[in-house]
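Undergrad: The file below is protein_39.csv, CSV, C-alpha atoms:
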chain,number,residue,atom,x,y,z
N,29,MET,CA,0.0,0.0,0.0
N,30,THR,CA,1.1,3.6,-0.8
N,31,ALA,CA,1.9,5.7,2.3
N,32,ALA,CA,-1.1,8.0,3.1
N,33,ILE,CA,0.7,11.2,1.9
N,34,LEU,CA,-2.6,12.7,0.8
N,35,SER,CA,-4.6,11.9,3.9
N,36,GLY,CA,-7.5,14.5,4.2
N,37,ARG,CA,-7.1,15.8,0.7
N,38,GLY,CA,-10.0,15.9,-1.7
N,39,ALA,CA,-9.4,15.0,-5.3
N,40,VAL,CA,-11.4,15.1,-8.5
N,41,VAL,CA,-10.3,12.9,-11.5
N,42,THR,CA,-12.0,13.4,-14.8
N,43,GLY,CA,-12.1,10.7,-17.4
N,44,GLY,CA,-11.9,8.4,-14.4
N,45,GLY,CA,-13.9,5.4,-15.6
N,46,ARG,CA,-11.2,3.4,-17.2
N,47,GLY,CA,-7.6,3.5,-18.4
N,48,ILE,CA,-5.3,6.2,-17.1
N,49,GLY,CA,-8.1,7.9,-15.1
N,50,GLU,CA,-9.0,4.7,-13.3
N,51,ALA,CA,-5.4,4.1,-12.4
N,52,VAL,CA,-5.0,7.7,-11.2
N,53,ALA,CA,-8.1,7.4,-9.0
N,54,ARG,CA,-6.8,4.2,-7.4
N,55,ALA,CA,-3.3,5.7,-6.8
N,56,LEU,CA,-4.8,8.8,-5.1
N,57,ALA,CA,-7.2,6.8,-3.0
N,58,GLU,CA,-4.3,4.5,-1.9
N,59,ALA,CA,-2.4,7.6,-0.9
N,60,GLY,CA,-5.3,8.6,1.4
N,61,ALA,CA,-7.2,11.1,-0.7
N,62,ARG,CA,-11.0,11.2,-0.8
N,63,VAL,CA,-11.8,10.8,-4.5
N,64,MET,CA,-14.6,11.9,-6.8
N,65,VAL,CA,-14.4,10.1,-10.1
N,66,ALA,CA,-16.1,11.8,-13.1
N,67,ALA,CA,-16.8,10.6,-16.7
N,68,ARG,CA,-19.6,10.5,-19.1
N,69,THR,CA,-20.4,6.8,-18.7
N,70,ALA,CA,-22.2,6.3,-15.4
N,71,GLY,CA,-21.6,2.6,-15.2
N,72,GLU,CA,-17.9,2.9,-15.5
N,73,VAL,CA,-17.4,5.6,-12.8
N,74,ASP,CA,-19.9,3.8,-10.5
N,75,ARG,CA,-17.8,0.6,-10.8
N,76,VAL,CA,-14.5,2.4,-10.1
N,77,ALA,CA,-16.0,4.3,-7.1
N,78,SER,CA,-17.6,1.2,-5.7
N,79,ASP,CA,-14.4,-0.8,-5.9
N,80,LEU,CA,-12.5,2.0,-4.2
N,81,ARG,CA,-15.1,2.0,-1.3
N,82,ASP,CA,-14.8,-1.8,-1.0
N,83,ARG,CA,-11.1,-1.2,-0.5
N,84,GLY,CA,-11.8,1.2,2.4
N,85,ALA,CA,-11.5,4.5,0.5
N,86,ASP,CA,-13.9,7.4,0.5
N,87,ALA,CA,-15.0,7.7,-3.2
N,88,TRP,CA,-17.9,9.0,-5.2
N,89,ALA,CA,-18.9,8.9,-8.8
N,90,VAL,CA,-20.4,11.6,-11.0
N,91,SER,CA,-21.6,11.2,-14.5
N,92,CYS,CA,-20.5,14.3,-16.3
N,93,ASP,CA,-19.6,15.6,-19.7
N,94,VAL,CA,-16.8,18.0,-18.9
N,95,THR,CA,-16.9,19.6,-22.4
N,96,GLU,CA,-20.1,21.3,-21.2
N,97,GLU,CA,-19.8,24.4,-19.0
N,98,HIS,CA,-23.0,23.8,-17.0
N,99,GLU,CA,-22.0,20.1,-16.3
N,100,VAL,CA,-18.6,21.2,-15.0
N,101,ARG,CA,-20.4,23.6,-12.6
N,102,ARG,CA,-22.6,20.7,-11.5
N,103,LEU,CA,-19.5,18.6,-11.0
N,104,GLY,CA,-18.0,21.4,-8.9
N,105,GLU,CA,-21.1,21.6,-6.7
N,106,ALA,CA,-21.1,17.8,-6.2
N,107,ALA,CA,-17.4,17.7,-5.4
N,108,ARG,CA,-17.6,20.5,-2.8
N,109,GLY,CA,-20.6,18.8,-1.3
N,110,LYS,CA,-18.9,15.4,-0.9
N,111,LEU,CA,-15.3,16.4,-0.5
N,112,ALA,CA,-15.7,19.7,1.3
N,113,THR,CA,-12.5,21.0,-0.4
N,114,VAL,CA,-11.1,20.1,-3.7
N,115,ASP,CA,-7.3,20.1,-3.2
N,116,ILE,CA,-6.3,18.0,-6.2
N,117,LEU,CA,-7.6,18.1,-9.8
N,118,VAL,CA,-6.5,15.7,-12.4
N,119,ASN,CA,-7.6,16.7,-15.9
N,120,ASN,CA,-7.5,13.3,-17.6
N,121,ALA,CA,-10.6,13.4,-19.8
N,122,GLY,CA,-9.8,13.5,-23.4
N,123,ALA,CA,-10.1,11.8,-26.8
N,124,GLY,CA,-7.8,10.8,-29.6
N,125,ALA,CA,-8.0,10.2,-33.3
N,126,SER,CA,-5.9,10.0,-36.4
N,127,ALA,CA,-6.4,11.0,-40.0
N,128,PRO,CA,-4.5,12.7,-42.8
N,129,LEU,CA,-4.9,16.5,-42.9
N,130,GLY,CA,-7.2,16.4,-45.9
N,131,LYS,CA,-9.6,14.1,-44.2
N,132,ILE,CA,-9.9,16.0,-40.9
N,133,ALA,CA,-13.4,17.6,-41.0
N,134,LEU,CA,-14.1,20.8,-39.0
N,135,ASP,CA,-16.3,18.8,-36.6
N,136,ASP,CA,-13.3,16.5,-36.0
N,137,TRP,CA,-11.1,19.4,-35.3
N,138,ASN,CA,-13.6,21.0,-32.9
N,139,HIS,CA,-14.2,17.7,-31.1
N,140,MET,CA,-10.5,17.3,-30.4
N,141,LEU,CA,-10.1,20.8,-29.0
N,142,ALA,CA,-13.2,20.4,-26.9
N,143,ALA,CA,-12.4,17.0,-25.6
N,144,ASN,CA,-8.8,17.8,-24.6
N,145,ALA,CA,-8.3,21.5,-24.2
N,146,THR,CA,-11.7,22.9,-23.4
N,147,THR,CA,-12.3,20.3,-20.7
N,148,THR,CA,-8.9,21.2,-19.1
N,149,PHE,CA,-9.8,24.9,-19.1
N,150,LEU,CA,-13.3,24.5,-17.7
N,151,CYS,CA,-12.4,22.2,-14.9
N,152,THR,CA,-9.3,24.2,-13.9
N,153,ARG,CA,-11.3,27.4,-13.9
N,154,GLU,CA,-13.9,25.7,-11.7
N,155,PHE,CA,-11.5,24.5,-9.0
N,156,ALA,CA,-8.1,26.3,-9.1
N,157,PRO,CA,-9.2,29.7,-7.8
N,158,ALA,CA,-10.5,28.2,-4.5
N,159,MET,CA,-7.3,26.2,-4.1
N,160,ALA,CA,-5.3,29.5,-4.4
N,161,GLY,CA,-7.6,31.1,-1.9
N,162,ARG,CA,-6.9,28.3,0.6
N,163,GLY,CA,-3.1,28.3,-0.1
N,164,TRP,CA,-2.7,24.8,-1.3
N,165,GLY,CA,-3.6,22.9,-4.4
N,166,ARG,CA,-2.4,20.6,-7.2
N,167,VAL,CA,-3.6,20.6,-10.8
N,168,VAL,CA,-2.2,17.8,-13.0
N,169,ASN,CA,-3.1,17.8,-16.7
N,170,VAL,CA,-2.7,14.6,-18.6
N,171,ALA,CA,-1.4,15.8,-22.0
N,172,SER,CA,0.8,13.8,-24.4
N,173,VAL,CA,4.2,13.7,-26.1
N,174,ALA,CA,2.0,15.0,-29.0
N,175,GLY,CA,1.7,18.2,-27.0
N,176,LEU,CA,5.4,18.7,-27.3
N,177,GLU,CA,6.1,17.6,-30.8
N,178,GLY,CA,4.3,16.9,-34.1
N,179,ALA,CA,3.5,13.6,-35.7
N,180,LYS,CA,1.9,12.4,-38.9
N,181,TYR,CA,-1.9,12.1,-39.1
N,182,VAL,CA,-2.7,13.6,-35.7
N,183,ALA,CA,-2.6,17.3,-36.5
N,184,HIS,CA,-5.9,18.0,-34.7
N,185,TYR,CA,-5.0,15.8,-31.6
N,186,SER,CA,-1.5,17.3,-31.5
N,187,ALA,CA,-2.8,20.8,-31.7
N,188,ALA,CA,-5.2,20.1,-28.8
N,189,LYS,CA,-2.5,18.6,-26.6
N,190,HIS,CA,-0.2,21.6,-27.4
N,191,ALA,CA,-3.0,23.8,-26.1
N,192,VAL,CA,-3.1,21.8,-22.9
N,193,VAL,CA,0.7,22.2,-22.4
N,194,GLY,CA,0.5,26.0,-23.2
N,195,PHE,CA,-2.5,26.3,-20.8
N,196,THR,CA,-0.5,24.5,-18.1
N,197,ARG,CA,2.5,26.7,-18.3
N,198,SER,CA,0.4,29.9,-18.4
N,199,VAL,CA,-1.8,29.1,-15.4
N,200,ALA,CA,1.3,27.9,-13.5
N,201,LEU,CA,2.7,31.4,-13.8
N,202,GLU,CA,-0.6,32.9,-12.7
N,203,VAL,CA,-0.8,30.8,-9.5
N,204,ALA,CA,2.9,30.9,-8.7
N,205,GLY,CA,3.4,31.8,-5.0
N,206,THR,CA,-0.1,30.9,-3.9
N,207,GLY,CA,0.7,27.3,-2.8
N,208,VAL,CA,-0.9,25.9,-6.0
N,209,THR,CA,1.0,24.1,-8.7
N,210,VAL,CA,0.0,23.3,-12.2
N,211,ASN,CA,1.9,20.6,-14.2
N,212,ALA,CA,1.4,18.3,-17.1
N,213,VAL,CA,2.2,14.7,-17.6
N,214,CYS,CA,3.0,13.8,-21.2
N,215,PRO,CA,3.0,10.1,-21.9
N,216,GLY,CA,3.7,8.4,-25.2
N,217,TYR,CA,1.3,5.8,-26.4
N,218,VAL,CA,-0.4,4.2,-23.4
N,219,GLU,CA,-1.9,0.7,-23.0
N,220,THR,CA,-5.6,1.8,-23.0
N,221,PRO,CA,-8.7,1.3,-25.2
N,222,MET,CA,-7.7,4.5,-27.1
N,223,ILE,CA,-4.5,2.8,-28.5
N,224,GLU,CA,-6.7,-0.1,-29.7
N,225,ARG,CA,-8.7,2.3,-31.8
N,226,THR,CA,-5.6,3.8,-33.1
N,227,LEU,CA,-4.2,0.4,-34.1
N,228,ALA,CA,-7.4,-0.5,-35.8
N,229,GLY,CA,-7.2,2.6,-37.9
N,230,VAL,CA,-3.6,1.8,-38.9
N,231,GLN,CA,-4.5,-1.7,-39.8
N,232,ALA,CA,-7.5,-0.6,-41.9
N,233,ARG,CA,-5.2,1.9,-43.8
N,234,THR,CA,-2.2,-0.4,-44.3
N,235,GLY,CA,-3.6,-4.0,-44.1
N,236,LYS,CA,-0.8,-4.9,-41.7
N,237,PRO,CA,-1.3,-7.2,-38.7
N,238,ARG,CA,-1.6,-5.8,-35.2
N,239,GLU,CA,2.0,-6.4,-34.2
N,240,GLU,CA,3.3,-4.5,-37.2
N,241,ALA,CA,0.8,-1.8,-36.8
N,242,LEU,CA,1.9,-1.4,-33.1
N,243,ALA,CA,5.6,-1.2,-34.2
N,244,MET,CA,4.7,1.5,-36.7
N,245,VAL,CA,2.8,3.5,-34.1
N,246,LEU,CA,5.5,3.2,-31.4
N,247,GLY,CA,8.1,4.2,-33.9
N,248,THR,CA,6.6,7.6,-34.2
N,249,THR,CA,7.6,8.4,-30.6
N,250,GLY,CA,10.7,6.1,-30.3
N,251,GLN,CA,9.0,3.9,-27.7
N,252,ASP,CA,10.1,0.3,-27.1
N,253,ARG,CA,6.7,-0.6,-25.6
N,254,LEU,CA,3.4,0.9,-24.5
N,255,VAL,CA,3.4,3.0,-21.3
N,256,THR,CA,1.1,1.4,-18.7
N,257,PRO,CA,-1.7,3.4,-17.0
N,258,GLY,CA,0.0,2.6,-13.7
N,259,GLU,CA,3.2,4.4,-14.8
N,260,VAL,CA,1.2,7.5,-15.6
N,261,ALA,CA,-0.6,7.3,-12.3
N,262,SER,CA,2.7,7.1,-10.4
N,263,ALA,CA,3.9,10.3,-12.2
N,264,VAL,CA,0.6,12.1,-11.3
N,265,LEU,CA,0.8,11.0,-7.7
N,266,ALA,CA,4.4,12.3,-7.4
N,267,LEU,CA,3.2,15.7,-8.5
N,268,CYS,CA,0.4,15.8,-5.9
N,269,GLY,CA,2.2,15.6,-2.6
N,270,ASP,CA,3.9,18.3,-0.4
N,271,ALA,CA,7.3,17.3,-1.8
N,272,ALA,CA,6.3,18.6,-5.2
N,273,SER,CA,5.6,22.1,-3.9
N,274,GLU,CA,8.5,23.6,-6.0
N,275,THR,CA,7.5,21.8,-9.2
N,276,ASN,CA,5.3,24.2,-11.2
N,277,GLY,CA,4.7,24.6,-14.9
N,278,GLU,CA,6.6,21.5,-15.8
N,279,THR,CA,5.9,18.8,-18.4
N,280,ILE,CA,6.8,15.3,-17.3
N,281,VAL,CA,7.6,13.1,-20.3
N,282,LEU,CA,6.8,9.4,-19.9
N,283,ASN,CA,8.3,7.4,-22.7
N,284,PRO,CA,9.9,4.0,-22.2
N,285,ARG,CA,12.8,4.9,-24.4
N,286,ALA,CA,13.0,8.5,-23.1
N,287,ASN,CA,13.2,7.1,-19.5
N,288,ARG,CA,16.6,5.7,-20.5
N,289,MET,CA,17.6,9.1,-21.8
N,290,ASN,CA,17.9,10.7,-18.4
N,291,PHE,CA,21.3,11.7,-17.1
N,292,GLU,CA,23.0,9.2,-14.9
N,293,ILE,CA,24.6,10.9,-11.9
N,294,VAL,CA,28.2,9.7,-11.3
N,295,ASN,CA,29.5,10.3,-7.8
N,296,PRO,CA,32.4,7.9,-7.1
N,297,GLU,CA,32.8,7.1,-3.4
N,298,SER,CA,36.5,7.8,-3.7
N,299,LEU,CA,35.8,11.5,-4.3
N,300,GLY,CA,33.5,11.7,-1.3
N,301,ALA,CA,30.0,13.3,-1.3
N,302,PRO,CA,29.7,16.3,-3.7
N,303,ARG,CA,29.2,19.7,-2.2
N,304,GLY,CA,26.4,21.3,-4.1
N,305,TRP,CA,27.1,20.1,-7.6
N,306,ASN,CA,27.4,16.5,-8.6
N,307,HIS,CA,30.8,15.2,-9.7
N,308,GLY,CA,29.5,14.0,-13.0
N,309,LEU,CA,26.5,13.5,-15.3
N,310,LEU,CA,26.6,10.8,-18.0
N,311,ALA,CA,24.8,12.2,-21.0
N,312,PRO,CA,22.2,9.9,-22.7
N,313,ARG,CA,22.8,8.3,-26.1
N,314,GLY,CA,20.6,9.6,-28.9
N,315,GLY,CA,19.9,13.0,-27.4
N,316,ARG,CA,20.0,16.4,-29.2
N,317,HIS,CA,22.8,18.6,-27.8
N,318,LEU,CA,21.9,22.2,-27.5
N,319,PHE,CA,24.6,24.8,-27.0
N,320,VAL,CA,23.2,28.0,-25.5
N,321,ALA,CA,25.2,31.1,-26.4
N,322,GLY,CA,26.3,33.6,-23.8
N,323,GLN,CA,23.3,35.1,-22.0
N,324,ALA,CA,24.3,38.3,-20.4
N,325,GLY,CA,22.8,39.5,-17.1
N,326,TRP,CA,22.3,42.9,-18.7
N,327,GLU,CA,21.9,44.3,-22.2
N,328,PRO,CA,23.5,47.4,-23.8
N,329,GLY,CA,20.0,48.6,-24.9
N,330,ALA,CA,18.5,48.5,-21.5
N,331,LEU,CA,17.3,52.0,-20.5
N,332,SER,CA,17.4,51.6,-16.7
N,333,GLU,CA,20.5,51.2,-14.6
N,334,PRO,CA,22.1,47.8,-14.4
N,335,ALA,CA,20.6,45.5,-11.7
N,336,GLY,CA,22.7,43.9,-8.9
N,337,PHE,CA,24.4,40.6,-8.9
N,338,VAL,CA,21.5,38.4,-7.9
N,339,GLU,CA,19.0,40.1,-10.3
N,340,GLN,CA,21.5,39.7,-13.1
N,341,PHE,CA,22.1,36.0,-12.3
N,342,SER,CA,18.3,35.4,-12.2
N,343,ARG,CA,17.9,37.3,-15.5
N,344,ALA,CA,20.7,35.2,-17.2
N,345,LEU,CA,19.2,31.9,-16.0
N,346,ASP,CA,15.8,32.9,-17.3
N,347,LYS,CA,17.3,33.6,-20.7
N,348,VAL,CA,19.1,30.2,-20.8
N,349,LEU,CA,15.9,28.4,-19.9
N,350,ALA,CA,13.9,30.4,-22.5
N,351,VAL,CA,16.3,29.0,-25.1
N,352,VAL,CA,16.1,25.4,-23.7
N,353,ARG,CA,12.3,25.5,-23.7
N,354,ALA,CA,12.2,26.9,-27.2
N,355,ALA,CA,14.2,23.8,-28.3
N,356,GLY,CA,11.6,21.5,-26.6
N,357,GLY,CA,13.6,21.0,-23.4
N,358,GLN,CA,13.1,21.6,-19.7
N,359,PRO,CA,15.4,22.8,-16.9
N,360,THR,CA,16.5,19.3,-16.0
N,361,ASP,CA,17.9,18.9,-19.6
N,362,VAL,CA,20.7,21.4,-18.8
N,363,ALA,CA,23.9,19.4,-18.4
N,364,ARG,CA,26.5,22.1,-17.9
N,365,LEU,CA,26.8,25.8,-17.1
N,366,THR,CA,29.7,28.1,-17.5
N,367,VAL,CA,29.3,31.3,-15.5
N,368,TYR,CA,31.6,34.2,-16.4
N,369,VAL,CA,31.8,36.9,-13.6
N,370,VAL,CA,33.7,40.1,-13.5
N,371,ASP,CA,34.0,40.0,-9.7
N,372,LEU,CA,34.5,36.6,-8.1
N,373,ALA,CA,34.5,38.0,-4.6
N,374,ALA,CA,31.0,39.6,-5.2
N,375,TYR,CA,29.8,36.2,-6.5
N,376,ARG,CA,30.9,34.4,-3.4
N,377,ALA,CA,29.4,37.1,-1.2
N,378,HIS,CA,26.0,36.4,-2.7
N,379,LEU,CA,26.0,32.6,-2.6
N,380,LYS,CA,22.9,32.3,-0.4
N,381,PRO,CA,20.5,34.5,-2.5
N,382,LEU,CA,22.1,33.0,-5.7
N,383,GLY,CA,21.2,29.6,-4.4
N,384,GLU,CA,17.6,30.7,-3.8
N,385,ALA,CA,17.4,32.0,-7.3
N,386,TRP,CA,18.7,28.7,-8.7
N,387,ARG,CA,16.3,26.6,-6.7
N,388,ALA,CA,13.3,28.7,-7.8
N,389,ARG,CA,14.1,27.7,-11.4
N,390,PHE,CA,15.8,24.3,-11.2
N,391,GLY,CA,14.6,22.9,-7.9
N,392,LYS,CA,17.1,20.4,-6.5
N,393,PHE,CA,18.6,19.6,-9.9
N,394,TYR,CA,22.3,20.5,-10.3
N,395,PRO,CA,24.3,20.1,-13.5
N,396,ALA,CA,28.0,20.5,-13.8
N,397,MET,CA,29.1,24.2,-13.4
N,398,THR,CA,32.3,26.1,-14.2
N,399,LEU,CA,32.9,29.5,-12.7
N,400,VAL,CA,35.3,31.8,-14.6
N,401,GLU,CA,36.5,35.2,-13.5
N,402,VAL,CA,37.0,37.6,-16.5
N,403,LYS,CA,38.2,41.2,-16.7
N,404,GLY,CA,35.1,42.5,-18.4
N,405,LEU,CA,32.1,41.6,-20.6
N,406,ALA,CA,31.0,43.2,-23.8
N,407,ASP,CA,27.5,44.2,-22.6
N,408,ARG,CA,27.3,47.5,-20.8
N,409,GLY,CA,26.7,47.0,-17.1
N,410,ALA,CA,26.8,43.2,-17.3
N,411,LEU,CA,28.3,41.6,-14.1
N,412,LEU,CA,28.0,38.1,-15.4
N,413,GLU,CA,27.3,35.9,-18.4
N,414,ILE,CA,26.1,32.3,-18.7
N,415,GLU,CA,26.7,29.7,-21.4
N,416,ALA,CA,25.0,26.3,-21.2
N,417,THR,CA,24.9,22.9,-22.8
N,418,ALA,CA,21.7,20.9,-22.7
N,419,VAL,CA,20.8,17.4,-24.0
N,420,ILE,CA,17.2,17.4,-25.2
N,421,GLY,CA,15.6,13.9,-24.9
N,422,GLY,CA,16.5,11.5,-27.7
N,423,HIS,CA,12.9,10.7,-28.6
N,424,LEU,CA,12.5,14.0,-30.3
Mind converting the file's structure to structure tokens?
TA:
Amino acid sequence: MTAAILSGRGAVVTGGGRGIGEAVARALAEAGARVMVAARTAGEVDRVASDLRDRGADAWAVSCDVTEEHEVRRLGEAARGKLATVDILVNNAGAGASAPLGKIALDDWNHMLAANATTTFLCTREFAPAMAGRGWGRVVNVASVAGLEGAKYVAHYSAAKHAVVGFTRSVALEVAGTGVTVNAVCPGYVETPMIERTLAGVQARTGKPREEALAMVLGTTGQDRLVTPGEVASAVLALCGDAASETNGETIVLNPRANRMNFEIVNPESLGAPRGWNHGLLAPRGGRHLFVAGQAGWEPGALSEPAGFVEQFSRALDKVLAVVRAAGGQPTDVARLTVYVVDLAAYRAHLKPLGEAWRARFGKFYPAMTLVEVKGLADRGALLEIEATAVIGGHL
């Protein structure tokens, strides 16, 4: 059994009648949360809620079409009535489809946007403001790797999931500092009824047997196998506890091949425990290397007076991360930083606030770092400049 890390928390899971949603509802209940399971099919959510109650959890079911504003309001009323407070929202409801661009009808396009993006917007708007008012909340949106990159024959689905990722990052900025976090989980192809419909479509178009159709589909994301609903549920659960309070606006990629693309931390015992930074990071095979040019803490064209050391450090880090994200990466893809400073003593004098600025952007992730003192920098008023190297996941 999972430790009751969510004891006393109220959670709403949309699309909770089967697949990922059912697995998430079970994971949250095992962690001690009181759970309301919502989906359009009453029989499915009733079954899930009943099973959770049989296992000793507090669980309720609501039949609800979360593409409809008035039904989301009804869900909100029901959830507040049963749970008292909704502390966790998992936006899992969605739909998938595939078709060549020329065969995507406007109704198909609108359906994908409504089922994936509109549902996320309506439910988040219903519950997140109250979370912020209470000073604690977790919103986890189930997106897809299709929300981070394109693929053939899923233009409408990919666009909808891109909308979910963009919505996640924007709302995360809006609630920053309130005790609420908003993150997205982006799995590849998952072992659910949805993948069976996808495979049936591929088989119909190509005439290939299921095994070959599955290999073709997995090849589009570089997966070795299907992701399991339980793996997605574990990622969602990890974002819902108190330990995830500093994780906000992130996209967690779940891909069996990408999981092997993470850096391997190398800290030989002979060198002792590292102080702050790890001794080494082993870069993954198959990744895309991104070299980020020098990002100055100040610019010649800035009209105001140059900021201080901490502000410039924060500004330069933000520039580095802007480049990394534009390339499809995230903060934990940064493998190495080189920081050029004009005054090493000033840098050392500000180590504590510099550390706070770092953790606000990278959490507890520390790549390799080189500190270099220079006589001067080209940009007027710049006290420091940062260059970086990132390895963007090899599945892209």
Undergrad: Tell me which protein, DNA and RNA residues are within 9 Å of Gly409 in chain N, counting only C-alpha atoms, leaving out same-chain ones fewer than 5 positions away, and put them as number ranges by chain.
TA: N: 325-328, 333-335
Undergrad: Please dump the current selection as a PDB file, in the frame of the given file; keep C-alpha atoms.
TA:
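selection38.pdb, freshly written:
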ATOM      1  CA  GLY N 325      22.800  39.500 -17.100  1.00  0.00           C
ATOM      2  CA  TRP N 326      22.300  42.900 -18.700  1.00  0.00           C
ATOM      3  CA  GLU N 327      21.900  44.300 -22.200  1.00  0.00           C
ATOM      4  CA  PRO N 328      23.500  47.400 -23.800  1.00  0.00           C
ATOM      5  CA  GLU N 333      20.500  51.200 -14.600  1.00  0.00           C
ATOM      6  CA  PRO N 334      22.100  47.800 -14.400  1.00  0.00           C
ATOM      7  CA  ALA N 335      20.600  45.500 -11.700  1.00  0.00           C
TER       8      ALA N 335
END
Undergrad: How far is it from CA of Gly165 in chain N to CA of Leu117 in chain N, in Å with one decimal?
TA: 8.3 Å
Undergrad: I'd like the contact shell of range 336-343 of chain N - 9 Å cut-off, only C-alpha atoms, skipping same-chain residues fewer than 4 positions apart - returned as JSON, numbers by chain.
TA: {"N": [323, 324, 325, 326, 347, 348, 374, 375, 378, 381, 382, 385, 386, 389, 410, 411, 412, 413, 414]}
Undergrad: Which of these, N:Lys380, N:Arg62, N:Arg408, N:Arg353, has the shortest distance to Ala112 in chain N once you count all atoms listed in the file?
TA: N:Arg62
Undergrad: Give me, as a Markdown table, each residue of range 155-232 of chain N that comes within 8 Å of range 246-259 of chain N, together with its shortest interatomic pair and the distance in Å at one decimal, counting all atoms listed in the file, with rows ordered by chain and rising residue number.
TA:
| residue | atom | partner | partner_atom | distance |
| --- | --- | --- | --- | --- |
| N:Val173 | CA | N:Thr249 | CA | 7.7 |
| N:Ala179 | CA | N:Thr248 | CA | 6.9 |
| N:Pro215 | CA | N:Val255 | CA | 7.1 |
| N:Gly216 | CA | N:Thr249 | CA | 6.7 |
| N:Tyr217 | CA | N:Leu254 | CA | 5.7 |
| N:Val218 | CA | N:Val255 | CA | 4.5 |
| N:Glu219 | CA | N:Thr256 | CA | 5.3 |
| N:Thr220 | CA | N:Pro257 | CA | 7.3 |
Undergrad: Give me, as a PyMOL selection string, all polymer residues having an atom no more than 9 Å from Ala188 in chain N, counting all atoms listed in the file and skipping those fewer than 5 positions away in the same chain.
TA: chain N and resi 137+140-146+171+174-175+183+193
